[in-house]
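Here the structure comes first, spelled out in structure tokens, and everything after it is commentary.
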Amino acid sequence: MTPSRPPSLRRRLIALLAAAVLLAWGATAAFSYLDAHREIDAMLGTHLPATPGAAALRAALAESIARHLLHPLLFAVPGLAAAIWLAVGVGLAPLGRFAGEVERRAPDNLAPLALTRVPREVLPLQQALNALFARLRQSRELERRFTADAAHELRTPLAAIRTQAEVALNADDRAQARRALANVVSGAERATRLVEQLLTLARLDPQTALERPQPVGLRALAHDAVAAQAPFAARRNIDLGLLPGEERTVHGDPLLLAVLLRNLVDNAVRYAPPGGRVDLAVEEAHAASGGYPLLRVTDSGPGIAPAAREQAFERFHRGTDNREEGSGLGLSIVRRIAELHRAALTLDDGPGGRGLTVRVGFPPPADGSVPL
């Protein structure tokens with residue numbers, strides 16, 4: 001089925017203007033004719049005798065003169081139509097130049113439109129297109145950064161996997177081969193986690209707001225996060241637990257909040273020393289002044305120096321403690337999810353100045369302001 005041609009704005013404007021002019025001309029012509037006929041008939045009546053023949057002559061003369069008064073209007077209509085055609089063409093010329101500028105653009109040219117002398121009616125369209133170009137530039141930059149980050153970060157674990165696989169192939173004894181294969185599995189797990197985190201960031205970066213927020217119980221999510229990380233914590237001899245407390249409900253995305261908790265707990269368990277402790281708590285902060293839900297994760301690890309805490313949120317930043325292999329993306333993901341929930345994220349010293357305490361304060365439902 002052949003698609004219908006879009007309506008012409010030029011023709012639509014001409015038709016509307018022509019209809020308005022013809023309507024005004026018809027009303028003016030009718031009024032002029034009737035008024036002229038009446039005035040001329042009255043004027044001739046004062047000079048001609050009041051006989052039947054004179055009355056008919058007076059009426060005929062009045063009608064003839066009134067008709068002749070309309071002749072200039074009849075000749076003016078074609079000229080007026082031509083003037084309307086030209087005026088509409090001149091008026092739409094900036095729109096045509098605007099369309100030509102957009103049509104001549106290269107596909108990779110996302111610079112803002114900077115047309116001068118743009119009519120006031122076209123300016124909102126230019127502003128909307130510039131906003132669209134800005135979003136496309138941001139999306140392209142995010143895609144480029146994701147590709148570069150993925151290529152850079154995957155190179156190391158993939159090279160390590162290949163090296164260990166070659167060691168296993170060339171091993172002379174079974175024990176050496178098993179050790180190499182165990183390293184292959186460990187490298188594959190690290191690469192898998194890196195890919196998962198990169199995909200999570202790629203999904204979060206373009207978002208500007210939560211799509212379908214809903215009431216979420218923080219304590220239930222914290223319980224699930226502890227249960228999921230319990231085997232990993234047990235292998236490292238880490239005392240991982242959820243402190244007693246009541247359920248606190250926030251408005252957000254349950255899947256993203258689960259990712260936030262998983263990354264916080266995973267980081268805490270990874271960097272806590274063997275025999276260390278990781279505690280989760282769901283609390284009501286500043287309850288006396290209204291309060292807001294607060295999520296707290298505390299570990300007994302090396303902590304982060306105050307001067308380095310802002311840098312810890314940068315992507316692929318691993319700090320100075322490299323005893324544990326990580327992607328350096330965990331806190332970046334946590335910050336992005338906190339931003340989408342308009343939550344306040346802070347890093348502080350642990351109890352007694354040892355370890356690290358991460359707090360995520362969620363906005364109270366009443367006004368939605370971010371807690372400080």
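By convention here, the chains of the structure tokens are called A, B, ... in the order presented, each chain's residues are numbered starting at 1, and ligands are numbered starting at 1 in the order presented.
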inquiry  = List the spatial neighbours of segment 125-127 of chain A as number ranges by chain - criterion: any atom at most 10 Å away, only C-alpha atoms, same-chain residues fewer than 3 positions off excluded.
reply    = A: 98, 112-115, 118, 120-122, 130-133
query = Can you list, as a PyMOL selection string, every residue of segment 117-285 of chain A that DSSP puts in alpha helix (DSSP H)?
reply = chain A and resi 123-170+174-204+218-235+254-271
request  = Tell me, in Å to one decimal, how far atom CA of Glu310 of chain A is from atom CA of Ser332 of chain A.
outcome  = 10.6 Å
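Residue nearest Pro231 of chain A, chosen from A:Val167, A:Val269, A:Ala182, A:Ala202 and counting only C-alpha atoms: A:Val269.
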Who sits within 10 Å of Ala160 of chain A, only C-alpha atoms, same chain under 4 positions skipped, as a PDB file with N, CA and C atoms, in the first residue's frame:
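Contents of selection-v1.pdb, as written:
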```pdb
ATOM      1  N   ARG A 155      40.756  -7.266  28.552  1.00  0.00           N
ATOM      2  CA  ARG A 155      42.013  -7.766  27.981  1.00  0.00           C
ATOM      3  C   ARG A 155      42.823  -8.543  29.024  1.00  0.00           C
ATOM      4  N   THR A 156      42.895  -8.025  30.259  1.00  0.00           N
ATOM      5  CA  THR A 156      43.704  -8.682  31.286  1.00  0.00           C
ATOM      6  C   THR A 156      43.159 -10.045  31.698  1.00  0.00           C
ATOM      7  N   GLN A 164      46.717 -19.493  31.504  1.00  0.00           N
ATOM      8  CA  GLN A 164      46.499 -20.635  32.380  1.00  0.00           C
ATOM      9  C   GLN A 164      46.022 -21.866  31.586  1.00  0.00           C
ATOM     10  N   ALA A 165      45.237 -21.635  30.546  1.00  0.00           N
ATOM     11  CA  ALA A 165      44.805 -22.758  29.711  1.00  0.00           C
ATOM     12  C   ALA A 165      45.993 -23.396  29.003  1.00  0.00           C
ATOM     13  N   GLU A 166      46.926 -22.569  28.531  1.00  0.00           N
ATOM     14  CA  GLU A 166      48.119 -23.109  27.884  1.00  0.00           C
ATOM     15  C   GLU A 166      48.984 -23.871  28.885  1.00  0.00           C
ATOM     16  N   ASN A 183      42.759 -21.868  38.105  1.00  0.00           N
ATOM     17  CA  ASN A 183      43.000 -20.462  37.783  1.00  0.00           C
ATOM     18  C   ASN A 183      42.162 -20.017  36.585  1.00  0.00           C
ATOM     19  N   VAL A 184      41.955 -20.932  35.622  1.00  0.00           N
ATOM     20  CA  VAL A 184      41.088 -20.624  34.479  1.00  0.00           C
ATOM     21  C   VAL A 184      39.672 -20.327  34.955  1.00  0.00           C
ATOM     22  N   SER A 186      38.752 -19.350  37.956  1.00  0.00           N
ATOM     23  CA  SER A 186      38.759 -18.102  38.700  1.00  0.00           C
ATOM     24  C   SER A 186      38.792 -16.905  37.760  1.00  0.00           C
ATOM     25  N   GLY A 187      39.602 -16.987  36.720  1.00  0.00           N
ATOM     26  CA  GLY A 187      39.656 -15.896  35.746  1.00  0.00           C
ATOM     27  C   GLY A 187      38.352 -15.735  34.997  1.00  0.00           C
ATOM     28  N   ALA A 188      37.692 -16.862  34.682  1.00  0.00           N
ATOM     29  CA  ALA A 188      36.399 -16.780  33.997  1.00  0.00           C
ATOM     30  C   ALA A 188      35.349 -16.136  34.889  1.00  0.00           C
TER      31      ALA A 188
END
```
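The spacing separating atom CA of Pro363 of chain A from atom CA of Ala222 of chain A amounts to 18.2 Å.
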inquiry  = Just want the 8 Å neighbourhood of segment 218-220 of chain A, counted on only C-alpha atoms, with same-chain residues fewer than 6 positions away dropped. Output as a list of chain:residue names.
reply    =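 My list of contacting residues is A:Glu246, A:Glu247, A:Arg248, A:Thr249, A:Val250, A:Val282, A:Leu295.
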So that I have them on file, write out the residues from the current selection with C-alpha atoms, as a compact mmCIF listing (two decimals), in the first residue's frame.
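again.txt written:
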```
# COMPACT_ATOMS: atom_id res chain seq x y z
CA GLU A 246 12.26 -3.05 61.71
CA GLU A 247 11.32 -2.99 58.06
CA ARG A 248 11.74 0.34 56.29
CA THR A 249 9.98 1.04 53.00
CA VAL A 250 11.28 3.29 50.23
CA VAL A 282 18.32 -0.89 58.01
CA LEU A 295 20.84 1.65 54.77
```
Contacts of Ser300 of chain A at 6 Å or less, counting only C-alpha atoms, minus same-chain residues fewer than 3 places along, as a tab-separated table (two decimals) with C-alpha atoms, in the first residue's frame?
```tsv
chain	number	residue	atom	x	y	z
A	272	ALA	CA	37.47	-7.40	55.08
A	276	GLY	CA	36.71	-9.92	59.96
A	277	ARG	CA	33.16	-8.68	60.25
A	355	GLY	CA	37.13	-0.15	58.49
```
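Note that atom CA of Glu143 of chain A and atom CA of Arg212 of chain A are 24.3 Å apart.
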inquiry  = Residues near Gly330 of chain A, anyone? I mean within 12 Å using only C-alpha atoms, not counting same-chain ones fewer than 5 positions away, as a list in words.
reply    =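 With the cut-off at 12 Å, the set is Arg193, Leu194, Glu196, Gln197, Leu198, Thr200, Leu201, Val259, Leu260, Leu261, Arg262, Asn263, Leu264, Val265, Asp266, Asn267, Ala268, Arg270, Ala312, Phe313, Glu314, Arg315, Phe316, His317, Arg318, Arg335, Arg336 and Ile337 of chain A.
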Output for the residues just chosen: N, CA, C and O atoms as a tab-separated table (two decimals), in the first residue's frame:
```
chain	number	residue	atom	x	y	z
A	193	ARG	N	31.98	-11.48	36.10
A	193	ARG	CA	31.53	-10.40	36.99
A	193	ARG	C	31.81	-9.04	36.35
A	193	ARG	O	30.97	-8.12	36.44
A	194	LEU	N	32.94	-8.90	35.70
A	194	LEU	CA	33.26	-7.64	35.04
A	194	LEU	C	32.25	-7.33	33.94
A	194	LEU	O	31.76	-6.20	33.82
A	196	GLU	N	29.17	-8.43	33.70
A	196	GLU	CA	27.88	-8.11	34.34
A	196	GLU	C	27.86	-6.67	34.84
A	196	GLU	O	26.86	-5.95	34.66
A	197	GLN	N	28.95	-6.21	35.44
A	197	GLN	CA	28.99	-4.86	35.96
A	197	GLN	C	29.03	-3.83	34.82
A	197	GLN	O	28.39	-2.77	34.91
A	198	LEU	N	29.75	-4.14	33.76
A	198	LEU	CA	29.78	-3.23	32.61
A	198	LEU	C	28.39	-3.12	31.98
A	198	LEU	O	27.95	-2.02	31.61
A	200	THR	N	25.59	-3.58	33.52
A	200	THR	CA	24.75	-2.83	34.46
A	200	THR	C	24.96	-1.33	34.30
A	200	THR	O	24.00	-0.56	34.24
A	201	LEU	N	26.22	-0.91	34.20
A	201	LEU	CA	26.50	0.51	34.00
A	201	LEU	C	25.97	1.00	32.66
A	201	LEU	O	25.44	2.12	32.56
A	259	VAL	N	20.72	-4.70	43.28
A	259	VAL	CA	22.07	-4.58	42.72
A	259	VAL	C	22.93	-3.69	43.62
A	259	VAL	O	24.11	-4.00	43.86
A	260	LEU	N	22.36	-2.60	44.11
A	260	LEU	CA	23.10	-1.72	45.02
A	260	LEU	C	23.57	-2.48	46.26
A	260	LEU	O	24.75	-2.41	46.63
A	261	LEU	N	22.68	-3.23	46.89
A	261	LEU	CA	23.04	-3.99	48.08
A	261	LEU	C	24.06	-5.06	47.77
A	261	LEU	O	25.01	-5.29	48.54
A	262	ARG	N	23.89	-5.74	46.66
A	262	ARG	CA	24.82	-6.82	46.31
A	262	ARG	C	26.24	-6.29	46.13
A	262	ARG	O	27.21	-6.90	46.59
A	263	ASN	N	26.37	-5.13	45.50
A	263	ASN	CA	27.70	-4.56	45.30
A	263	ASN	C	28.30	-4.08	46.61
A	263	ASN	O	29.51	-4.26	46.84
A	264	LEU	N	27.48	-3.48	47.48
A	264	LEU	CA	28.01	-3.02	48.76
A	264	LEU	C	28.49	-4.19	49.62
A	264	LEU	O	29.58	-4.14	50.21
A	265	VAL	N	27.69	-5.24	49.67
A	265	VAL	CA	28.07	-6.39	50.49
A	265	VAL	C	29.27	-7.10	49.89
A	265	VAL	O	30.20	-7.52	50.60
A	266	ASP	N	29.29	-7.24	48.57
A	266	ASP	CA	30.41	-7.91	47.92
A	266	ASP	C	31.72	-7.17	48.18
A	266	ASP	O	32.74	-7.78	48.49
A	267	ASN	N	31.69	-5.84	48.04
A	267	ASN	CA	32.90	-5.05	48.31
A	267	ASN	C	33.34	-5.22	49.76
A	267	ASN	O	34.54	-5.38	50.06
A	268	ALA	N	32.38	-5.16	50.68
A	268	ALA	CA	32.73	-5.26	52.10
A	268	ALA	C	33.36	-6.61	52.42
A	268	ALA	O	34.37	-6.69	53.14
A	270	ARG	N	34.88	-8.65	50.31
A	270	ARG	CA	36.16	-8.81	49.61
A	270	ARG	C	37.30	-8.14	50.36
A	270	ARG	O	38.43	-8.65	50.38
A	312	ALA	N	37.15	7.09	45.01
A	312	ALA	CA	36.72	5.69	45.06
A	312	ALA	C	35.49	5.43	44.22
A	312	ALA	O	35.23	4.29	43.82
A	313	PHE	N	34.72	6.48	43.90
A	313	PHE	CA	33.52	6.31	43.09
A	313	PHE	C	33.82	6.31	41.60
A	313	PHE	O	32.92	6.08	40.79
A	314	GLU	N	35.06	6.64	41.22
A	314	GLU	CA	35.40	6.65	39.80
A	314	GLU	C	35.48	5.23	39.25
A	314	GLU	O	35.81	4.29	39.97
A	315	ARG	N	35.18	5.11	38.00
A	315	ARG	CA	35.17	3.80	37.37
A	315	ARG	C	36.58	3.22	37.27
A	315	ARG	O	37.53	3.93	36.93
A	316	PHE	N	36.69	1.94	37.59
A	316	PHE	CA	37.92	1.17	37.51
A	316	PHE	C	38.97	1.62	38.52
A	316	PHE	O	40.15	1.30	38.39
A	317	HIS	N	38.53	2.38	39.51
A	317	HIS	CA	39.47	2.76	40.58
A	317	HIS	C	39.51	1.63	41.61
A	317	HIS	O	38.48	1.24	42.17
A	318	ARG	N	40.71	1.10	41.88
A	318	ARG	CA	40.85	-0.04	42.79
A	318	ARG	C	41.56	0.32	44.08
A	318	ARG	O	41.75	-0.52	44.94
A	335	ARG	N	26.75	4.38	43.30
A	335	ARG	CA	26.46	5.81	43.23
A	335	ARG	C	25.41	6.10	42.17
A	335	ARG	O	24.49	6.90	42.39
A	336	ARG	N	25.50	5.44	41.02
A	336	ARG	CA	24.52	5.71	39.94
A	336	ARG	C	23.12	5.32	40.38
A	336	ARG	O	22.14	6.03	40.11
A	337	ILE	N	22.98	4.18	41.04
A	337	ILE	CA	21.66	3.74	41.51
A	337	ILE	C	21.15	4.69	42.58
A	337	ILE	O	19.96	5.04	42.62
```
Please return, as a short mmCIF file (atom, residue, chain, number, x, y, z; two decimals) with N, CA and C atoms, in the first residue's frame, all residues of segment 141-241 of chain A that DSSP assigns to strand (DSSP E or B) on the basis of the backbone.
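Printed below is part_38.cif as written:
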```cif
data_model
loop_
_atom_site.label_atom_id
_atom_site.label_comp_id
_atom_site.auth_asym_id
_atom_site.auth_seq_id
_atom_site.Cartn_x
_atom_site.Cartn_y
_atom_site.Cartn_z
N GLN A 214 8.18 1.78 42.87
CA GLN A 214 7.15 1.14 43.68
C GLN A 214 7.67 1.01 45.10
N PRO A 215 6.78 0.75 46.07
CA PRO A 215 7.23 0.55 47.46
C PRO A 215 8.12 -0.68 47.57
N VAL A 216 9.28 -0.52 48.22
CA VAL A 216 10.26 -1.61 48.35
C VAL A 216 10.68 -1.70 49.81
N GLY A 217 10.67 -2.90 50.35
CA GLY A 217 11.15 -3.11 51.71
C GLY A 217 12.65 -3.31 51.74
N ASP A 239 32.46 -12.84 59.26
CA ASP A 239 31.20 -12.84 60.00
C ASP A 239 30.26 -11.83 59.34
N LEU A 240 29.36 -12.33 58.50
CA LEU A 240 28.44 -11.47 57.75
C LEU A 240 27.04 -11.61 58.35
N GLY A 241 26.39 -10.49 58.68
CA GLY A 241 25.07 -10.58 59.27
C GLY A 241 24.27 -9.30 59.11
#
```
key: Pick from A:Leu280, A:Ala175, A:Gln207, A:Thr357 nearest to Ala225 of chain A, counting only C-alpha atoms   =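 Among the listed residues, A:Leu280 lies closest to Ala225 of chain A.
Minimum distance to Leu242 of chain A across A:Asp173, A:Asp205, A:Glu103, A:Asp224 (counting only C-alpha atoms) occurs at A:Asp224.
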key: Spatial neighbours of Pro213 of chain A, max dist 9 Å, only C-alpha atoms, sep filter under 3 positions, as a ChimeraX atom specification   = /A:210,216,251-254
Could you please take those selected residues and save N, CA and C atoms as an mmCIF file, in the first residue's frame?
```cif
data_model
loop_
_atom_site.group_PDB
_atom_site.id
_atom_site.type_symbol
_atom_site.label_atom_id
_atom_site.label_comp_id
_atom_site.auth_asym_id
_atom_site.auth_seq_id
_atom_site.Cartn_x
_atom_site.Cartn_y
_atom_site.Cartn_z
ATOM 1 N N LEU A 210 13.750 6.888 37.419
ATOM 2 C CA LEU A 210 13.237 5.531 37.550
ATOM 3 C C LEU A 210 12.004 5.369 36.672
ATOM 4 N N VAL A 216 9.276 -0.521 48.218
ATOM 5 C CA VAL A 216 10.256 -1.608 48.346
ATOM 6 C C VAL A 216 10.682 -1.699 49.808
ATOM 7 N N HIS A 251 10.533 4.215 48.150
ATOM 8 C CA HIS A 251 9.911 4.209 46.822
ATOM 9 C C HIS A 251 11.033 4.099 45.787
ATOM 10 N N GLY A 252 11.095 2.978 45.089
ATOM 11 C CA GLY A 252 12.194 2.802 44.146
ATOM 12 C C GLY A 252 12.026 1.577 43.284
ATOM 13 N N ASP A 253 13.125 1.188 42.661
ATOM 14 C CA ASP A 253 13.164 0.023 41.774
ATOM 15 C C ASP A 253 13.765 -1.147 42.558
ATOM 16 N N PRO A 254 13.011 -2.211 42.789
ATOM 17 C CA PRO A 254 13.535 -3.301 43.621
ATOM 18 C C PRO A 254 14.749 -3.996 43.005
#
```
ask   = Of the residues A:Pro302, A:Pro119, A:Pro124, A:Pro107, which is the one nearest to Arg354 of chain A, using only C-alpha atoms?
value = A:Pro302
